[in-house]
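The file protein-v4.tsv contains TSV, C-alpha atoms:
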```tsv
chain	number	residue	atom	x	y	z
P	1	MET	CA	117.31	116.69	126.34
P	2	ARG	CA	114.75	115.23	128.69
P	3	ALA	CA	111.07	115.97	128.56
P	4	ARG	CA	108.58	115.28	131.32
P	5	VAL	CA	104.98	114.62	130.43
P	6	TYR	CA	102.17	114.56	133.00
P	7	VAL	CA	98.93	112.89	131.96
P	8	THR	CA	95.81	113.03	134.15
P	9	LEU	CA	92.12	112.47	133.67
P	10	LYS	CA	90.26	115.63	132.68
P	11	ASP	CA	88.37	117.49	135.35
P	12	GLY	CA	84.88	116.09	135.38
P	13	VAL	CA	85.98	112.56	134.46
P	14	LEU	CA	85.56	110.36	137.53
P	15	ASP	CA	88.90	109.02	138.79
P	16	PRO	CA	87.93	106.13	141.09
P	17	ALA	CA	91.56	105.39	142.00
P	18	GLY	CA	92.02	109.04	142.99
P	19	VAL	CA	88.84	108.94	145.09
P	20	ALA	CA	90.05	105.76	146.84
P	21	THR	CA	93.46	107.34	147.51
P	22	ALA	CA	91.84	110.49	148.90
P	23	GLY	CA	89.73	108.31	151.20
P	24	GLY	CA	92.90	106.58	152.40
P	25	LEU	CA	94.62	109.87	153.19
P	26	LYS	CA	91.59	111.14	155.07
P	27	SER	CA	91.36	108.00	157.14
P	28	LEU	CA	95.03	108.49	158.06
P	29	GLY	CA	94.06	111.82	159.57
P	30	PHE	CA	94.86	114.15	156.67
P	31	GLY	CA	91.53	115.88	156.95
P	32	GLU	CA	92.61	118.76	154.74
P	33	VAL	CA	92.63	116.49	151.65
P	34	ALA	CA	89.85	117.73	149.40
P	35	GLY	CA	90.65	115.52	146.42
P	36	VAL	CA	93.30	113.41	144.71
P	37	ARG	CA	93.80	112.87	140.97
P	38	LEU	CA	96.08	110.04	139.92
P	39	GLY	CA	97.85	110.17	136.59
P	40	LYS	CA	100.90	109.13	134.68
P	41	PHE	CA	104.36	110.64	134.69
P	42	ILE	CA	106.32	109.95	131.51
P	43	GLU	CA	109.97	110.82	130.84
P	44	VAL	CA	110.98	111.10	127.20
P	45	ASP	CA	114.67	111.35	126.30
P	46	LEU	CA	115.28	113.25	123.09
P	47	ASP	CA	118.35	112.76	120.91
P	48	GLU	CA	119.65	116.26	120.25
P	49	SER	CA	121.76	115.01	117.35
P	50	ALA	CA	118.66	113.69	115.52
P	51	ASP	CA	117.84	115.15	112.11
P	52	GLY	CA	115.88	118.36	112.34
P	53	PHE	CA	116.05	118.52	116.13
P	54	SER	CA	115.94	121.92	117.73
P	55	PRO	CA	115.01	122.94	121.25
P	56	GLU	CA	112.27	125.07	119.68
P	57	SER	CA	110.78	122.15	117.79
P	58	ALA	CA	110.92	119.84	120.81
P	59	ARG	CA	107.74	121.20	122.39
P	60	THR	CA	105.81	120.89	119.12
P	61	ARG	CA	107.01	117.31	118.70
P	62	LEU	CA	106.12	116.44	122.29
P	63	THR	CA	102.64	117.90	121.78
P	64	GLU	CA	102.24	115.65	118.73
P	65	MET	CA	103.38	112.65	120.78
P	66	CYS	CA	100.77	113.46	123.43
P	67	GLU	CA	97.97	113.97	120.92
P	68	LYS	CA	98.78	110.79	118.99
P	69	LEU	CA	99.68	108.32	121.72
P	70	LEU	CA	100.72	109.43	125.20
P	71	ALA	CA	97.30	110.83	126.12
P	72	ASN	CA	93.77	109.98	125.03
P	73	THR	CA	92.33	113.47	124.77
P	74	VAL	CA	88.78	112.15	125.00
P	75	ILE	CA	89.40	111.54	128.69
P	76	GLU	CA	92.85	112.91	129.54
P	77	LYS	CA	94.77	116.18	129.61
P	78	TYR	CA	98.54	116.55	129.54
P	79	ARG	CA	101.29	118.95	130.53
P	80	ILE	CA	104.80	119.05	129.06
P	81	GLU	CA	107.96	120.23	130.79
P	82	LEU	CA	111.29	120.50	128.99
P	83	GLU	CA	114.52	120.24	130.97
P	84	GLY	CA	117.39	122.61	130.38
N	85	MET	CA	78.65	87.72	96.09
N	86	ALA	CA	78.20	83.98	95.54
N	87	SER	CA	75.83	82.51	98.09
N	88	THR	CA	77.41	79.06	97.89
N	89	SER	CA	80.86	80.08	99.13
N	90	SER	CA	81.51	81.21	102.68
N	91	PHE	CA	81.97	84.83	103.63
N	92	ASP	CA	85.51	85.64	104.70
N	93	VAL	CA	85.67	86.91	108.28
N	94	ALA	CA	89.10	88.23	109.29
N	95	VAL	CA	89.87	87.87	113.00
N	96	ILE	CA	92.87	89.96	113.99
N	97	THR	CA	95.37	88.62	116.52
N	98	PHE	CA	97.40	91.19	118.43
N	99	PRO	CA	100.23	90.26	120.80
N	100	GLY	CA	98.27	89.61	123.99
N	101	SER	CA	94.94	88.77	122.35
N	102	ASN	CA	93.46	85.78	124.15
N	103	CYS	CA	89.94	85.45	122.75
N	104	ASP	CA	90.95	85.15	119.09
N	105	ALA	CA	90.70	81.34	118.88
N	106	ASP	CA	87.31	81.37	120.65
N	107	LEU	CA	86.10	84.05	118.27
N	108	ARG	CA	87.18	82.10	115.17
N	109	HIS	CA	85.46	79.03	116.62
N	110	ALA	CA	82.23	80.98	117.16
N	111	VAL	CA	82.33	82.39	113.61
N	112	ASP	CA	82.86	78.93	112.15
N	113	LEU	CA	79.77	77.64	113.98
N	114	VAL	CA	77.63	79.81	111.69
N	115	ASP	CA	76.60	78.58	108.25
N	116	GLY	CA	78.00	80.82	105.57
N	117	LEU	CA	80.84	82.30	107.62
N	118	SER	CA	84.47	81.23	107.54
N	119	ALA	CA	87.00	82.67	110.00
N	120	ARG	CA	90.51	83.60	108.93
N	121	ALA	CA	93.29	84.46	111.39
N	122	VAL	CA	95.20	87.64	110.58
N	123	TRP	CA	98.36	88.58	112.47
N	124	HIS	CA	98.59	92.23	113.48
N	125	LYS	CA	101.82	92.75	111.51
N	126	GLU	CA	100.03	92.18	108.20
N	127	THR	CA	99.88	95.23	105.99
N	128	ASP	CA	97.47	93.50	103.60
N	129	LEU	CA	94.13	92.46	105.03
N	130	GLY	CA	93.14	90.62	101.86
N	131	ALA	CA	89.52	91.08	100.83
N	132	PRO	CA	87.46	90.20	103.91
N	133	ASP	CA	83.68	90.54	104.14
N	134	ALA	CA	83.96	91.48	107.82
N	135	VAL	CA	86.71	92.21	110.36
N	136	LEU	CA	86.57	91.21	114.03
N	137	LEU	CA	88.88	92.44	116.81
N	138	PRO	CA	89.03	90.00	119.72
N	139	GLY	CA	89.37	90.44	123.47
N	140	GLY	CA	92.54	90.10	125.44
N	141	PHE	CA	95.30	92.32	126.73
N	142	SER	CA	97.05	93.61	123.63
N	143	TYR	CA	100.54	94.87	124.46
N	144	GLY	CA	99.90	94.09	128.12
N	145	ASP	CA	97.48	97.04	128.31
N	146	TYR	CA	100.57	99.25	128.59
N	147	LEU	CA	99.92	102.99	128.60
N	148	ARG	CA	96.15	102.52	128.06
N	149	CYS	CA	94.11	99.51	126.94
N	150	GLY	CA	94.28	99.34	123.16
N	151	ALA	CA	96.47	102.44	122.81
N	152	ILE	CA	99.43	100.67	121.26
N	153	ALA	CA	97.52	98.02	119.30
N	154	ARG	CA	95.76	100.88	117.56
N	155	PHE	CA	99.07	101.55	115.77
N	156	SER	CA	99.67	97.94	114.69
N	157	PRO	CA	100.41	97.78	110.95
N	158	VAL	CA	97.13	96.00	110.17
N	159	MET	CA	95.06	98.79	111.72
N	160	GLU	CA	95.55	101.10	108.75
N	161	GLU	CA	93.78	98.49	106.63
N	162	VAL	CA	91.08	98.00	109.27
N	163	ILE	CA	90.47	101.76	109.40
N	164	ALA	CA	90.23	101.88	105.59
N	165	PHE	CA	87.87	98.88	105.57
N	166	ALA	CA	85.65	100.55	108.17
N	167	GLY	CA	85.77	103.81	106.25
N	168	GLY	CA	84.49	101.99	103.17
N	169	GLY	CA	81.46	100.76	105.12
N	170	GLY	CA	82.75	97.25	105.86
N	171	PRO	CA	81.32	95.58	108.98
N	172	VAL	CA	83.73	95.69	111.93
N	173	LEU	CA	83.10	94.32	115.43
N	174	GLY	CA	85.41	94.87	118.40
N	175	ILE	CA	84.85	92.81	121.53
N	176	CYS	CA	86.24	93.86	124.93
N	177	ASN	CA	89.87	94.78	124.17
N	178	GLY	CA	88.78	95.03	120.53
N	179	PHE	CA	86.23	97.67	121.61
N	180	GLN	CA	88.98	99.56	123.45
N	181	ILE	CA	91.17	99.45	120.34
N	182	LEU	CA	88.34	100.82	118.16
N	183	THR	CA	87.78	103.77	120.52
N	184	GLU	CA	91.52	104.46	120.64
N	185	ALA	CA	91.56	104.39	116.83
N	186	GLY	CA	88.77	106.95	116.77
N	187	LEU	CA	86.41	104.56	114.96
N	188	LEU	CA	83.96	104.64	117.87
N	189	PRO	CA	83.03	107.53	120.15
N	190	GLY	CA	84.08	107.87	123.79
N	191	ALA	CA	86.61	105.88	125.76
N	192	LEU	CA	86.73	102.99	128.22
N	193	LEU	CA	87.74	103.99	131.75
N	194	ALA	CA	88.64	101.76	134.69
N	195	ASN	CA	85.62	100.05	136.24
N	196	ARG	CA	83.95	102.32	138.80
N	197	ASP	CA	84.71	99.99	141.72
N	198	LEU	CA	88.30	99.28	140.53
N	199	LYS	CA	87.60	95.56	140.34
N	200	PHE	CA	88.09	93.13	137.50
N	201	LEU	CA	84.54	92.04	136.66
N	202	CYS	CA	83.98	88.47	135.55
N	203	GLN	CA	80.28	87.66	135.55
N	204	SER	CA	77.24	87.02	133.43
N	205	VAL	CA	75.23	90.04	132.26
N	206	THR	CA	71.91	90.49	130.48
N	207	LEU	CA	71.79	92.93	127.60
N	208	GLU	CA	68.92	94.87	126.10
N	209	VAL	CA	69.42	95.22	122.35
N	210	GLU	CA	68.20	98.47	120.85
N	211	GLY	CA	69.12	101.33	118.57
N	212	ARG	CA	69.75	101.45	114.87
N	213	GLU	CA	70.18	98.31	112.82
N	214	THR	CA	73.79	97.16	112.50
N	215	PRO	CA	75.33	94.14	110.74
N	216	PHE	CA	75.68	92.53	114.17
N	217	SER	CA	72.21	93.21	115.59
N	218	ARG	CA	69.79	92.57	112.73
N	219	GLY	CA	66.46	91.51	114.12
N	220	LEU	CA	67.82	91.52	117.67
N	221	ALA	CA	66.77	95.02	118.73
N	222	GLY	CA	63.69	94.92	120.91
N	223	ALA	CA	63.69	91.13	120.88
N	224	LYS	CA	64.57	89.06	123.92
N	225	PRO	CA	67.49	90.28	126.07
N	226	LEU	CA	70.77	88.41	125.57
N	227	THR	CA	72.82	86.80	128.32
N	228	MET	CA	76.59	86.53	127.99
N	229	PRO	CA	79.70	87.07	130.11
N	230	ILE	CA	81.82	90.13	130.74
N	231	ALA	CA	85.47	89.90	131.84
N	232	HIS	CA	87.22	93.23	132.07
N	233	MET	CA	88.99	95.80	134.21
N	234	ASP	CA	88.35	98.82	131.96
N	235	GLY	CA	84.81	98.69	130.62
N	236	ASN	CA	83.41	101.91	132.00
N	237	TRP	CA	82.31	103.68	128.82
N	238	TYR	CA	82.60	107.44	129.04
N	239	ALA	CA	81.91	110.32	126.69
N	240	ASP	CA	81.38	114.02	127.35
N	241	ASP	CA	77.80	115.34	127.57
N	242	GLU	CA	77.62	116.43	123.95
N	243	THR	CA	78.94	113.15	122.55
N	244	ALA	CA	76.77	111.10	124.90
N	245	ALA	CA	73.64	112.98	123.83
N	246	ARG	CA	74.50	112.63	120.15
N	247	VAL	CA	75.21	108.90	120.43
N	248	GLU	CA	71.92	108.31	122.20
N	249	GLY	CA	69.97	110.58	119.83
N	250	GLU	CA	71.34	108.84	116.75
N	251	GLY	CA	70.40	105.39	118.05
N	252	GLN	CA	74.04	104.34	118.28
N	253	ILE	CA	73.61	102.63	121.63
N	254	ILE	CA	73.13	99.01	120.60
N	255	PHE	CA	73.62	97.08	123.87
N	256	ARG	CA	72.68	98.26	127.35
N	257	TYR	CA	73.18	96.44	130.65
N	258	GLN	CA	69.82	95.38	132.01
N	259	GLY	CA	69.33	96.55	135.58
N	260	GLY	CA	72.20	99.04	135.50
N	261	SER	CA	75.82	99.00	134.54
N	262	PRO	CA	78.15	96.83	136.65
N	263	ASN	CA	81.17	98.97	135.71
N	264	GLY	CA	79.85	102.53	135.88
N	265	ALA	CA	79.39	102.96	132.12
N	266	ARG	CA	77.53	106.10	131.20
N	267	MET	CA	73.89	105.45	130.22
N	268	ASP	CA	74.55	101.75	130.97
N	269	VAL	CA	76.28	101.40	127.61
N	270	ALA	CA	77.59	97.89	126.99
N	271	GLY	CA	78.09	98.36	123.26
N	272	LEU	CA	77.58	100.96	120.57
N	273	SER	CA	78.07	101.74	116.91
N	274	ASN	CA	79.62	104.51	114.88
N	275	ALA	CA	77.39	107.07	113.16
N	276	ALA	CA	77.24	104.99	109.96
N	277	GLY	CA	76.31	101.85	111.90
N	278	ASN	CA	78.89	99.55	110.30
N	279	VAL	CA	81.37	99.58	113.21
N	280	VAL	CA	80.26	98.11	116.55
N	281	GLY	CA	82.13	97.72	119.82
N	282	MET	CA	80.98	95.91	122.95
N	283	MET	CA	82.46	94.89	126.31
N	284	PRO	CA	80.51	91.60	126.73
N	285	HIS	CA	81.78	88.45	125.03
N	286	PRO	CA	79.27	86.93	122.56
N	287	GLU	CA	81.89	84.37	121.46
N	288	ARG	CA	81.84	82.90	124.95
N	289	ALA	CA	78.09	82.27	124.75
N	290	CYS	CA	77.71	80.31	121.53
N	291	GLU	CA	77.05	76.79	122.72
N	292	ASP	CA	74.53	75.43	125.21
N	293	ALA	CA	77.28	73.27	126.69
N	294	LEU	CA	78.95	76.51	127.80
N	295	GLY	CA	75.84	77.80	129.55
N	296	GLY	CA	74.06	79.54	126.71
N	297	ALA	CA	74.09	80.40	123.04
N	298	ASP	CA	72.71	83.94	123.01
N	299	GLY	CA	75.96	85.27	121.54
N	300	LEU	CA	75.51	83.24	118.39
N	301	GLY	CA	72.77	85.66	117.32
N	302	LEU	CA	75.33	88.36	116.59
N	303	PHE	CA	77.28	86.15	114.19
N	304	GLN	CA	74.09	84.86	112.58
N	305	SER	CA	73.10	88.49	112.14
N	306	LEU	CA	76.40	89.11	110.33
N	307	ALA	CA	75.81	86.14	108.02
N	308	GLY	CA	72.32	87.40	107.22
N	309	PHE	CA	73.60	90.91	106.60
N	310	LEU	CA	76.29	89.69	104.19
N	311	GLN	CA	73.82	87.49	102.33
N	312	SER	CA	71.40	90.38	101.96
N	313	ARG	CA	73.95	92.71	100.34
```

Take the structure I supplied and represent it as structure tokens, if you would.
Amino acid sequence: MRARVYVTLKDGVLDPAGVATAGGLKSLGFGEVAGVRLGKFIEVDLDESADGFSPESARTRLTEMCEKLLANTVIEKYRIELEG
Amino acid sequence: MASTSSFDVAVITFPGSNCDADLRHAVDLVDGLSARAVWHKETDLGAPDAVLLPGGFSYGDYLRCGAIARFSPVMEEVIAFAGGGGPVLGICNGFQILTEAGLLPGALLANRDLKFLCQSVTLEVEGRETPFSRGLAGAKPLTMPIAHMDGNWYADDETAARVEGEGQIIFRYQGGSPNGARMDVAGLSNAAGNVVGMMPHPERACEDALGGADGLGLFQSLAGFLQSR
């Protein structure tokens, strides 16, 4: 099973790279761009034959992974998608 | 504690640390302190009197600066040492590791202008007394270098107000922050005051031949603190 994790800076935390990218888009003529947030996209492959694995537990385990390592919740938020 | 023997100062080396040798050198310049190199894989820290986390690019800054080093085997011992009130100082990447470990409030974001900053800064010392700033608060400002990409200290409104109210801001950039750090924070302590993190590099300002020795004051402060216990 593959999980997709999206990590971005929380709303309200300045994202200078996002601001610079938005400026670039605007200068290319994309005047409708109101803002850009850059983040990380992480794919995690899960071994379905691992001890204790269940599709139901996968989301809980992914949440733990995000809380412990993949995101720093002081500054970042995350979203988890499970494939299949 | 015998005053004749040196105090044992553990300096942790992570894969990618690059200021560890400089830091040990700076510690050894101070009477009464003796630096000891500790590899991050150690699960036994020994019985240090203080623990220092050096600058560098631990684990290539992958994921986030300090995020992976925070789970190095030795960090469990460092966290326990800090929890017991032991003096801990994190410099630059060491500061990032301490915030990732939850030993210090807030986080270090990318510099506001997205540039690696390598320059001399002047720091106002203030706040509560810590093992690394004894007698320095309110005295003359200290000049030392910064060299970082992610030194923009951030905390939410509530945390920022608490940190300031409790006197946990120990070092502030004079004349404004070069990296966008909230409240011009260059370094701060935990609530108990025994753990300090800072972006500037005191170990790079410990000899006049290198342009100044203001950084030495922090290590002399540590020696004085340990002697006074």

Find the residues of chain P in contact range of chain N, meaning any atom within 7 Å when counting only C-alpha atoms, and list them as a PDB file with C-alpha atoms, in the frame of the given file.
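The new file iface.pdb reads:
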```
ATOM      1  CA  PRO P  16      87.930 106.130 141.090  1.00  0.00           C
ATOM      2  CA  LEU P  69      99.680 108.320 121.720  1.00  0.00           C
ATOM      3  CA  VAL P  74      88.780 112.150 125.000  1.00  0.00           C
ATOM      4  CA  ILE P  75      89.400 111.540 128.690  1.00  0.00           C
TER       5      ILE P  75
END
```

Answer as number ranges by chain, residues within 12 Å of (102.7, 115.4, 122.8) using all atoms listed in the file | P: 3-7, 42-44, 57-73, 77-82

Write the residues of the preceding selection, restricted to C-alpha atoms, as a short mmCIF file (atom, residue, chain, number, x, y, z; two decimals), keeping the file's coordinate frame.
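And here's again.cif as it stands now:
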```cif
data_model
loop_
_atom_site.label_atom_id
_atom_site.label_comp_id
_atom_site.auth_asym_id
_atom_site.auth_seq_id
_atom_site.Cartn_x
_atom_site.Cartn_y
_atom_site.Cartn_z
CA ALA P 3 111.07 115.97 128.56
CA ARG P 4 108.58 115.28 131.32
CA VAL P 5 104.98 114.62 130.43
CA TYR P 6 102.17 114.56 133.00
CA VAL P 7 98.93 112.89 131.96
CA ILE P 42 106.32 109.95 131.51
CA GLU P 43 109.97 110.82 130.84
CA VAL P 44 110.98 111.10 127.20
CA SER P 57 110.78 122.15 117.79
CA ALA P 58 110.92 119.84 120.81
CA ARG P 59 107.74 121.20 122.39
CA THR P 60 105.81 120.89 119.12
CA ARG P 61 107.01 117.31 118.70
CA LEU P 62 106.12 116.44 122.29
CA THR P 63 102.64 117.90 121.78
CA GLU P 64 102.24 115.65 118.73
CA MET P 65 103.38 112.65 120.78
CA CYS P 66 100.77 113.46 123.43
CA GLU P 67 97.97 113.97 120.92
CA LYS P 68 98.78 110.79 118.99
CA LEU P 69 99.68 108.32 121.72
CA LEU P 70 100.72 109.43 125.20
CA ALA P 71 97.30 110.83 126.12
CA ASN P 72 93.77 109.98 125.03
CA THR P 73 92.33 113.47 124.77
CA LYS P 77 94.77 116.18 129.61
CA TYR P 78 98.54 116.55 129.54
CA ARG P 79 101.29 118.95 130.53
CA ILE P 80 104.80 119.05 129.06
CA GLU P 81 107.96 120.23 130.79
CA LEU P 82 111.29 120.50 128.99
#
```

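One finds CA of His285 (chain N) at 18.2 Å from CA of Ala307 (chain N).
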
Would you please work out which residue, of P:Val33, P:Leu38, P:Ala22, P:Leu28, is nearest to Thr8 (chain P) when using all atoms listed in the file?
-> P:Leu38

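Residues with at least one atom no more than 9 Å from (95.8, 91.9, 123.0), using all atoms listed in the file, are Thr97, Phe98, Pro99, Gly100, Ser101, Asn102, Cys103, Pro138, Gly139, Gly140, Phe141, Ser142, Tyr143, Gly144, Asp145, Cys149, Gly150, Ala153, Asn177 and Gly178 of chain N.
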
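Put simply, CA of Met267 (chain N) is 25.4 Å away from CA of Gly35 (chain P).
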
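Minimum atom-to-atom distances from N:Gln203, N:Thr214, N:Thr227, N:Gln252 to Leu310 (chain N) were compared using all atoms listed in the file, and the lowest value belongs to N:Thr214.
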